[in-house]
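Engineer: The structure file structure21.pdb (PDB, C-alpha atoms) is provided below.
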MODEL        1
ATOM      1  CA  MET A 101      89.021-179.212  98.380
ATOM      2  CA  VAL A 102      86.005-181.483  98.610
ATOM      3  CA  MET A 103      82.709-179.708  98.046
ATOM      4  CA  THR A 104      79.466-180.810  99.570
ATOM      5  CA  HIS A 105      76.457-181.300  97.333
ATOM      6  CA  THR A 106      74.970-177.986  98.516
ATOM      7  CA  GLU A 107      78.172-176.084  97.763
ATOM      8  CA  GLN A 108      78.316-177.675  94.329
ATOM      9  CA  VAL A 109      74.712-176.698  93.585
ATOM     10  CA  ILE A 110      75.418-173.106  94.662
ATOM     11  CA  ALA A 111      78.588-172.972  92.545
ATOM     12  CA  ASN A 112      76.673-174.280  89.516
ATOM     13  CA  ALA A 113      73.903-171.715  90.045
ATOM     14  CA  LEU A 114      76.413-168.863  90.304
ATOM     15  CA  ALA A 115      78.134-170.057  87.123
ATOM     16  CA  LEU A 116      74.777-170.131  85.345
ATOM     17  CA  VAL A 117      73.956-166.605  86.513
ATOM     18  CA  GLU A 118      77.348-165.358  85.310
ATOM     19  CA  ALA A 119      76.924-167.036  81.913
ATOM     20  CA  SER A 120      73.463-165.524  81.577
ATOM     21  CA  ARG A 121      74.788-162.065  82.447
ATOM     22  CA  ALA A 122      77.608-162.385  79.904
ATOM     23  CA  ALA A 123      75.164-163.468  77.192
ATOM     24  CA  ARG A 124      72.852-160.557  77.995
ATOM     25  CA  GLU A 125      75.745-158.076  77.776
ATOM     26  CA  ARG A 126      76.868-159.554  74.427
ATOM     27  CA  ASP A 127      73.304-159.237  73.129
ATOM     28  CA  GLN A 128      73.110-155.612  74.270
ATOM     29  CA  LEU A 129      76.335-154.796  72.430
ATOM     30  CA  ARG A 130      75.105-156.607  69.322
ATOM     31  CA  ARG A 131      71.785-154.742  69.405
ATOM     32  CA  ALA A 132      73.557-151.396  69.877
ATOM     33  CA  ALA A 133      75.795-152.077  66.863
ATOM     34  CA  TRP A 134      72.763-153.105  64.806
ATOM     35  CA  GLN A 135      70.906-149.940  65.846
ATOM     36  CA  ARG A 136      73.854-147.775  64.721
ATOM     37  CA  LYS A 137      73.834-149.523  61.328
ATOM     38  CA  VAL A 138      70.095-148.968  60.989
ATOM     39  CA  GLU A 139      70.434-145.264  61.841
ATOM     40  CA  LEU A 140      73.197-144.845  59.245
ATOM     41  CA  SER A 141      71.289-146.688  56.532
ATOM     42  CA  ARG A 142      68.118-144.620  56.813
ATOM     43  CA  PRO A 143      67.628-142.137  53.989
ATOM     44  CA  LEU A 144      67.990-138.487  54.814
ATOM     45  CA  PRO A 145      64.752-136.570  55.226
ATOM     46  CA  ARG A 146      63.660-134.620  52.182
ATOM     47  CA  PRO A 147      64.186-130.882  52.497
ATOM     48  CA  VAL A 148      61.050-128.802  52.845
ATOM     49  CA  GLN A 149      60.841-125.882  50.456
ATOM     50  CA  LEU A 150      59.226-122.870  52.071
ATOM     51  CA  PRO A 151      57.404-120.291  49.923
ATOM     52  CA  LEU A 152      59.315-117.067  49.522
ATOM     53  CA  ALA A 153      57.060-114.011  49.301
ATOM     54  CA  LEU A 154      58.916-111.070  47.757
ATOM     55  CA  ASN A 155      56.593-108.123  48.353
TER      56      ASN A 155
ENDMDL
END
Would you kindly transcribe this structure into structure tokens?
Structural biologist:
Amino acid sequence: MVMTHTEQVIANALALVEASRAARERDQLRRAAWQRKVELSRPLPRPVQLPLALN
């Protein structure tokens, strides 16, 4: 099938949009994995000792 110049430009634009979307989704997955690692690597909060009044 022979494509006109306009059809070729549209096809190229759609391919670029799809590649951009795929890259964005990969970045979102990478950031989510990084965020999980950061949450796991944080130190646990120190326990707070409450005064115990025995009256």
Engineer: May I ask for the distance between atom CA of Gln128 of chain A and atom CA of Ser141 of chain A, given in Å to one decimal place?
Structural biologist: 19.9 Å
Engineer: Would you compute the distance between atom CA of Val138 of chain A and atom CA of Arg121 of chain A? Give it in Å to one decimal.
Structural biologist: 25.6 Å
Engineer: Interatomic distance between atom CA of Arg142 of chain A and atom CA of Leu129 of chain A?
Structural biologist: 20.4 Å
Engineer: Report as AutoDock Vina command-line options the centre and the edge lengths, in Å to one decimal, of the axis-aligned box holding every listed atom of segment 139-148 of chain A, padded by 3 Å on each side.
Structural biologist:
--center_x 67.1 --center_y -137.7 --center_z 57.0 --size_x 18.1 --size_y 23.9 --size_z 15.7
Engineer: Could segment 142-155 of chain A be completed with N, CA and C atoms and returned as a PDB file, keeping the file's coordinate frame?
Structural biologist:
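Once written, out-v3.pdb looks like this:
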ATOM      1  N   ARG A 142      69.385-145.295  57.118  1.00  0.00           N
ATOM      2  CA  ARG A 142      68.118-144.620  56.813  1.00  0.00           C
ATOM      3  C   ARG A 142      68.364-143.471  55.840  1.00  0.00           C
ATOM      4  N   PRO A 143      67.454-143.263  54.914  1.00  0.00           N
ATOM      5  CA  PRO A 143      67.628-142.137  53.989  1.00  0.00           C
ATOM      6  C   PRO A 143      67.448-140.809  54.727  1.00  0.00           C
ATOM      7  N   LEU A 144      68.111-139.805  54.213  1.00  0.00           N
ATOM      8  CA  LEU A 144      67.990-138.487  54.814  1.00  0.00           C
ATOM      9  C   LEU A 144      66.592-137.936  54.556  1.00  0.00           C
ATOM     10  N   PRO A 145      66.073-137.147  55.468  1.00  0.00           N
ATOM     11  CA  PRO A 145      64.752-136.570  55.226  1.00  0.00           C
ATOM     12  C   PRO A 145      64.805-135.586  54.056  1.00  0.00           C
ATOM     13  N   ARG A 146      63.719-135.523  53.328  1.00  0.00           N
ATOM     14  CA  ARG A 146      63.660-134.620  52.182  1.00  0.00           C
ATOM     15  C   ARG A 146      63.565-133.188  52.689  1.00  0.00           C
ATOM     16  N   PRO A 147      64.270-132.285  52.065  1.00  0.00           N
ATOM     17  CA  PRO A 147      64.186-130.882  52.497  1.00  0.00           C
ATOM     18  C   PRO A 147      62.803-130.309  52.180  1.00  0.00           C
ATOM     19  N   VAL A 148      62.342-129.447  53.034  1.00  0.00           N
ATOM     20  CA  VAL A 148      61.050-128.802  52.845  1.00  0.00           C
ATOM     21  C   VAL A 148      61.304-127.428  52.244  1.00  0.00           C
ATOM     22  N   GLN A 149      60.660-127.168  51.106  1.00  0.00           N
ATOM     23  CA  GLN A 149      60.841-125.882  50.456  1.00  0.00           C
ATOM     24  C   GLN A 149      59.741-124.940  50.945  1.00  0.00           C
ATOM     25  N   LEU A 150      60.167-123.860  51.550  1.00  0.00           N
ATOM     26  CA  LEU A 150      59.226-122.870  52.071  1.00  0.00           C
ATOM     27  C   LEU A 150      58.950-121.825  50.990  1.00  0.00           C
ATOM     28  N   PRO A 151      57.705-121.335  50.911  1.00  0.00           N
ATOM     29  CA  PRO A 151      57.404-120.291  49.923  1.00  0.00           C
ATOM     30  C   PRO A 151      58.133-119.006  50.299  1.00  0.00           C
ATOM     31  N   LEU A 152      58.589-118.309  49.302  1.00  0.00           N
ATOM     32  CA  LEU A 152      59.315-117.067  49.522  1.00  0.00           C
ATOM     33  C   LEU A 152      58.485-115.940  48.920  1.00  0.00           C
ATOM     34  N   ALA A 153      57.883-115.140  49.772  1.00  0.00           N
ATOM     35  CA  ALA A 153      57.060-114.011  49.301  1.00  0.00           C
ATOM     36  C   ALA A 153      57.939-112.776  49.212  1.00  0.00           C
ATOM     37  N   LEU A 154      58.103-112.276  47.973  1.00  0.00           N
ATOM     38  CA  LEU A 154      58.916-111.070  47.757  1.00  0.00           C
ATOM     39  C   LEU A 154      57.985-109.897  47.485  1.00  0.00           C
ATOM     40  N   ASN A 155      57.498-109.276  48.519  1.00  0.00           N
ATOM     41  CA  ASN A 155      56.593-108.123  48.353  1.00  0.00           C
ATOM     42  C   ASN A 155      57.272-106.863  48.783  1.00  0.00           C
TER      43      ASN A 155
END
